[in-house]
Amino acid sequence: MSVQAIVSSGPKVMRVAVVGVGLVGSEFINQLLNFPTPNPFRIVTLTSSKTTLHAPDGLNITPDSWKQSLAQASLRPDFPFLLRELAALVKPGEPVVLVDNTSSNAVAALYPQFLRSGVHVITPNKKAFSAELSLYESIVSASLASGAKFLNEATVGAGLPIISTLKDLVATGDQVLKIEGVFSGTMSYIFNEFSTGQEGGPSFSSVVKVAREKGYTEPHPADDLNGADVARKLTILSRCIPSLRSSLPDGYQSVSTKSLVPQELEGIDTGDEFIARLPEFDDHFNKMRADAAKENQVLRFAGVIDVASGTIKADLEKYPVTHPFATALGGSDNIVMFYTARYGARPLVVQGAGAGAAVTAMGVMSDLLKLV
Ligand SMILES: NC(=O)C1=CN([C@@H]2O[C@H](COP(=O)(O)OP(=O)(O)OC[C@H]3O[C@@H](n4cnc5c(N)ncnc54)[C@H](OP(=O)(O)O)[C@@H]3O)[C@@H](O)[C@H]2O)C=CC1
Ligand SMILES: N[C@@H](CC=O)C(=O)O
Ligand code: NA
């Protein structure tokens with residue numbers, strides 16, 4: 001069935017409030033405005049961190065005009081107002097959706113209230129689902145109480161079908177034994193370039209510097225190298241597995257995580273200073289690369305969820321040069337292997353670009369289509 005056919009058999013109108021218009025948000029808005037006819041989506045709200053546009057019947061905007069209209073808007077962001085407005089728009093057969101394209105903790109903390117009011121929540125923002133268990137549980141219970149859904153496919157592997165695959169495995173009664181993968185686009189790029197199975201190669205600091213120049217790292221590279229992004233993704237996946245759902249009370253902070261940030265560089269304020277000082281630690285990373293190469297192995301920053309033992313960890317691991325983590329990855333690819341009872345010794349594998357505006361916005365858009 002085509003997308004048009006699915007959409008024309010679904011609700012006539014779906015109201016969408018978009019919060020966050022950065023890289024992913026801008027691309028998402030363009031995908032929404034360019035959706036094939038009949039386009040059921042009405043953007044009722046656009047909110048940056050500075051201004052807001054809101055019109056209950058849909059904003060009069062085009063792909064060329066929305067940025068200017070939002071920049072010139074006189075309304076300031078006001079979440080209590082947005083909550084009241086969106087809740088009032090929820091009607092049978094006319095769903096209302098909050099799409100959070102920020103990385104804000106404050107916005108994430110409001111999901112239970114939106115859900116309780118019947119507003120669906122779709123987001124690539126990892127914060128709410130990887131924080132303390134109590135927030136996650138209040139999201140789940142608010143969703144169950146009202147029937148409003150929360151969908152977060154793009155929080156792990158951007159547009160790659162990782163969360164939906166895991167949910168399908170669980171829902172169909174397969175037994176998930178282990179999930180192992182390279183979950184960070186930034187770490188993937190760094191180690192694909194740095195560790196190729198040879199004893200020598202470019203210095204670690206030079207690879208991190210190039211990764212930053214290419215826009216793969218966060219503005220402060222320590223925010224990638226500390227492993228927290230991978231720990232957050234592992235938390236989100238673990239909570240989809242019934243036996244592990246309550247195992248991380250403090251969320252990503254409960255995950256055993258290896259930080260690659262040298263102790264001496266912890267707390268450095270700026271990314272520029274961090275990059276300038278990283279060469280002091282190149283010998284340490286060179287030695288790890290050479291030691292791995294002597295064993296015919298490469299270094300990869302991987303995440304593992306071992307269901308039976310309850311081990312959930314993000315660490316720098318060694319893999320044989322013949323392993324898919326060594327042979328199949330390029331650029332900022334993610335790869336995730338699901339070991340399950342049904343799939344046996346040969347895991348179900350999902351692989352591809354795990355970061356970037358276009359593929360992340362596509363993950364958000366695909367969640368929106370699930371509601372249709
Ligand atoms: N980029 C990628 O490849 C991927 C991103 N993600 C996730 O997608 C989300 C968006 O990422 P990305 O677009 O790259 O990040 P950006 O920093 O480009 O965009 C985030 C936007 O959110 C806005 N914002 C922050 N707080 C608020 C607020 N309270 N109200 C309204 N707007 C706010 C910021 O505005 P301002 O600039 O004015 O502060 C900014 O424009 C993040 O959660 C990220 O982790 C997930 C997978 C991949
Ligand atoms: N910084 C992240 C982007 C998406 O979550 C990554 O490197 O994968
Ligand atoms: Na995904």
# chains A, B, ... in the order shown; residues from 1 in each chain; ligands from 1
$ select_by_dssp --residues "stretch 207-328 of chain A" --states "strand (DSSP E)" --output "list of chain:residue names"
A:Ser256, A:Thr257, A:Gln297, A:Val298, A:Leu299, A:Arg300, A:Phe301, A:Ala302, A:Gly303, A:Val304, A:Ile305, A:Asp306, A:Thr311, A:Ile312, A:Lys313, A:Ala314, A:Asp315, A:Leu316, A:Glu317, A:Lys318, A:Tyr319, A:Pro320
$ write_last_selection --atoms "C-alpha atoms" --output "PDB file, in the first residue's frame"
ATOM      1  CA  SER A 256      28.849   1.019  32.970  1.00  0.00           C
ATOM      2  CA  THR A 257      30.516   3.517  30.630  1.00  0.00           C
ATOM      3  CA  GLN A 297      42.164  -6.689  15.956  1.00  0.00           C
ATOM      4  CA  VAL A 298      40.690  -3.202  15.645  1.00  0.00           C
ATOM      5  CA  LEU A 299      39.330  -0.845  18.302  1.00  0.00           C
ATOM      6  CA  ARG A 300      35.633   0.068  18.220  1.00  0.00           C
ATOM      7  CA  PHE A 301      33.527   1.941  20.762  1.00  0.00           C
ATOM      8  CA  ALA A 302      30.653  -0.463  21.221  1.00  0.00           C
ATOM      9  CA  GLY A 303      27.550  -0.881  23.321  1.00  0.00           C
ATOM     10  CA  VAL A 304      26.440  -4.235  24.678  1.00  0.00           C
ATOM     11  CA  ILE A 305      23.215  -5.322  26.344  1.00  0.00           C
ATOM     12  CA  ASP A 306      23.526  -8.878  27.635  1.00  0.00           C
ATOM     13  CA  THR A 311      25.204  -6.438  31.777  1.00  0.00           C
ATOM     14  CA  ILE A 312      24.741  -3.110  30.009  1.00  0.00           C
ATOM     15  CA  LYS A 313      27.978  -1.386  29.048  1.00  0.00           C
ATOM     16  CA  ALA A 314      29.542   1.120  26.693  1.00  0.00           C
ATOM     17  CA  ASP A 315      33.234   0.472  26.229  1.00  0.00           C
ATOM     18  CA  LEU A 316      36.189   0.554  23.868  1.00  0.00           C
ATOM     19  CA  GLU A 317      36.442  -3.033  22.677  1.00  0.00           C
ATOM     20  CA  LYS A 318      38.742  -5.037  20.392  1.00  0.00           C
ATOM     21  CA  TYR A 319      37.247  -6.928  17.439  1.00  0.00           C
ATOM     22  CA  PRO A 320      38.984  -9.217  14.888  1.00  0.00           C
TER      23      PRO A 320
END
$ select_by_dssp --residues "stretch 209-248 of chain A" --states "alpha helix (DSSP H)" --output "list in words"
Lys209, Val210, Ala211, Arg212, Glu213, Ala222, Asp223, Asp224, Leu225, Ala228, Asp229, Val230, Ala231, Arg232, Lys233, Leu234, Thr235, Ile236, Leu237 and Ser238 of chain A
$ atom_distance --atom1 "atom 39 (O, counted along the ligand's line) of ligand 1" --atom2 "atom CA of A:Asn39"
29.5 Å
$ residues_near_ligand --ligand "ligand 3" --cutoff "12 Å" --atoms "only C-alpha atoms and all ligand atoms" --output "ChimeraX atom specification"
/A:123-126,151-167,183-184,233,236-237,334-336,350-356,359-367
$ write_last_selection --atoms "C-alpha atoms" --output "CSV table (one decimal), in the first residue's frame"
chain,number,residue,atom,x,y,z
A,123,THR,CA,11.0,13.0,19.2
A,124,PRO,CA,14.7,12.3,18.4
A,125,ASN,CA,15.5,13.8,21.8
A,126,LYS,CA,17.1,11.1,24.0
A,151,LEU,CA,7.4,7.4,19.6
A,152,ASN,CA,11.2,7.8,19.6
A,153,GLU,CA,12.7,5.8,16.7
A,154,ALA,CA,15.2,8.6,15.9
A,155,THR,CA,16.7,8.5,19.4
A,156,VAL,CA,18.8,5.4,18.5
A,157,GLY,CA,20.5,5.1,15.1
A,158,ALA,CA,18.6,8.2,13.7
A,159,GLY,CA,16.3,6.9,10.9
A,160,LEU,CA,17.5,3.3,11.1
A,161,PRO,CA,14.8,0.9,12.2
A,162,ILE,CA,16.3,-0.1,15.5
A,163,ILE,CA,13.7,0.6,18.2
A,164,SER,CA,10.9,-0.6,15.9
A,165,THR,CA,12.9,-3.8,15.2
A,166,LEU,CA,13.4,-4.4,18.9
A,167,LYS,CA,9.8,-3.7,19.8
A,183,PHE,CA,25.7,3.3,18.4
A,184,SER,CA,27.6,6.6,18.0
A,233,LYS,CA,21.0,4.8,23.6
A,236,ILE,CA,16.5,3.5,25.7
A,237,LEU,CA,16.9,0.0,24.2
A,334,ASN,CA,25.9,2.7,13.0
A,335,ILE,CA,25.5,-1.1,13.2
A,336,VAL,CA,23.3,-3.0,15.6
A,350,VAL,CA,20.7,-3.2,11.0
A,351,GLN,CA,23.3,-0.9,9.5
A,352,GLY,CA,23.7,2.5,7.9
A,353,ALA,CA,24.1,6.2,8.6
A,354,GLY,CA,23.3,6.8,12.2
A,355,ALA,CA,23.5,10.6,12.3
A,356,GLY,CA,22.7,13.5,10.0
A,359,VAL,CA,18.1,10.6,8.0
A,360,THR,CA,17.2,11.7,11.5
A,361,ALA,CA,14.2,13.8,10.3
A,362,MET,CA,13.1,10.7,8.2
A,363,GLY,CA,13.1,8.7,11.5
A,364,VAL,CA,10.8,11.4,13.0
A,365,MET,CA,8.6,11.5,9.9
A,366,SER,CA,8.3,7.7,9.9
A,367,ASP,CA,7.0,7.8,13.5
$ atom_distance --atom1 "atom 2 (C, counted along the ligand's line) of ligand 2" --atom2 "atom CA of A:Ser247"
23.8 Å
$ residues_around --residues "A:Asn101" --least-positions-apart "2" --cutoff "12 Å" --atoms "only C-alpha atoms" --output "number ranges by chain"
A: 17-29, 46-49, 98-99, 103-105, 107-108, 121-127, 152, 154-155, 357, 360-361, 363-365
$ atom_distance --atom1 "atom CA of A:Asn60" --atom2 "atom 36 (P, counted along the ligand's line) of ligand 1"
22.9 Å
$ closest_residue --among "A:Ser332, A:Asn286, A:Ser203, A:Thr172" --to "ligand 1" --atoms "only C-alpha atoms and all ligand atoms"
A:Ser332
$ residues_around --residues "A:Leu110" --least-positions-apart "2" --cutoff "12 Å" --atoms "only C-alpha atoms" --output "list in words"
Phe79, Pro80, Leu82, Leu83, Leu98, Asp100, Ser104, Asn105, Ala106, Val107, Ala108, Pro112, Gln113, Phe114, Leu115, Arg116, Ser117, Val119, Val121, Lys127, Ala128, Leu135, Tyr136, Ser138, Ile139 and Ala142 of chain A
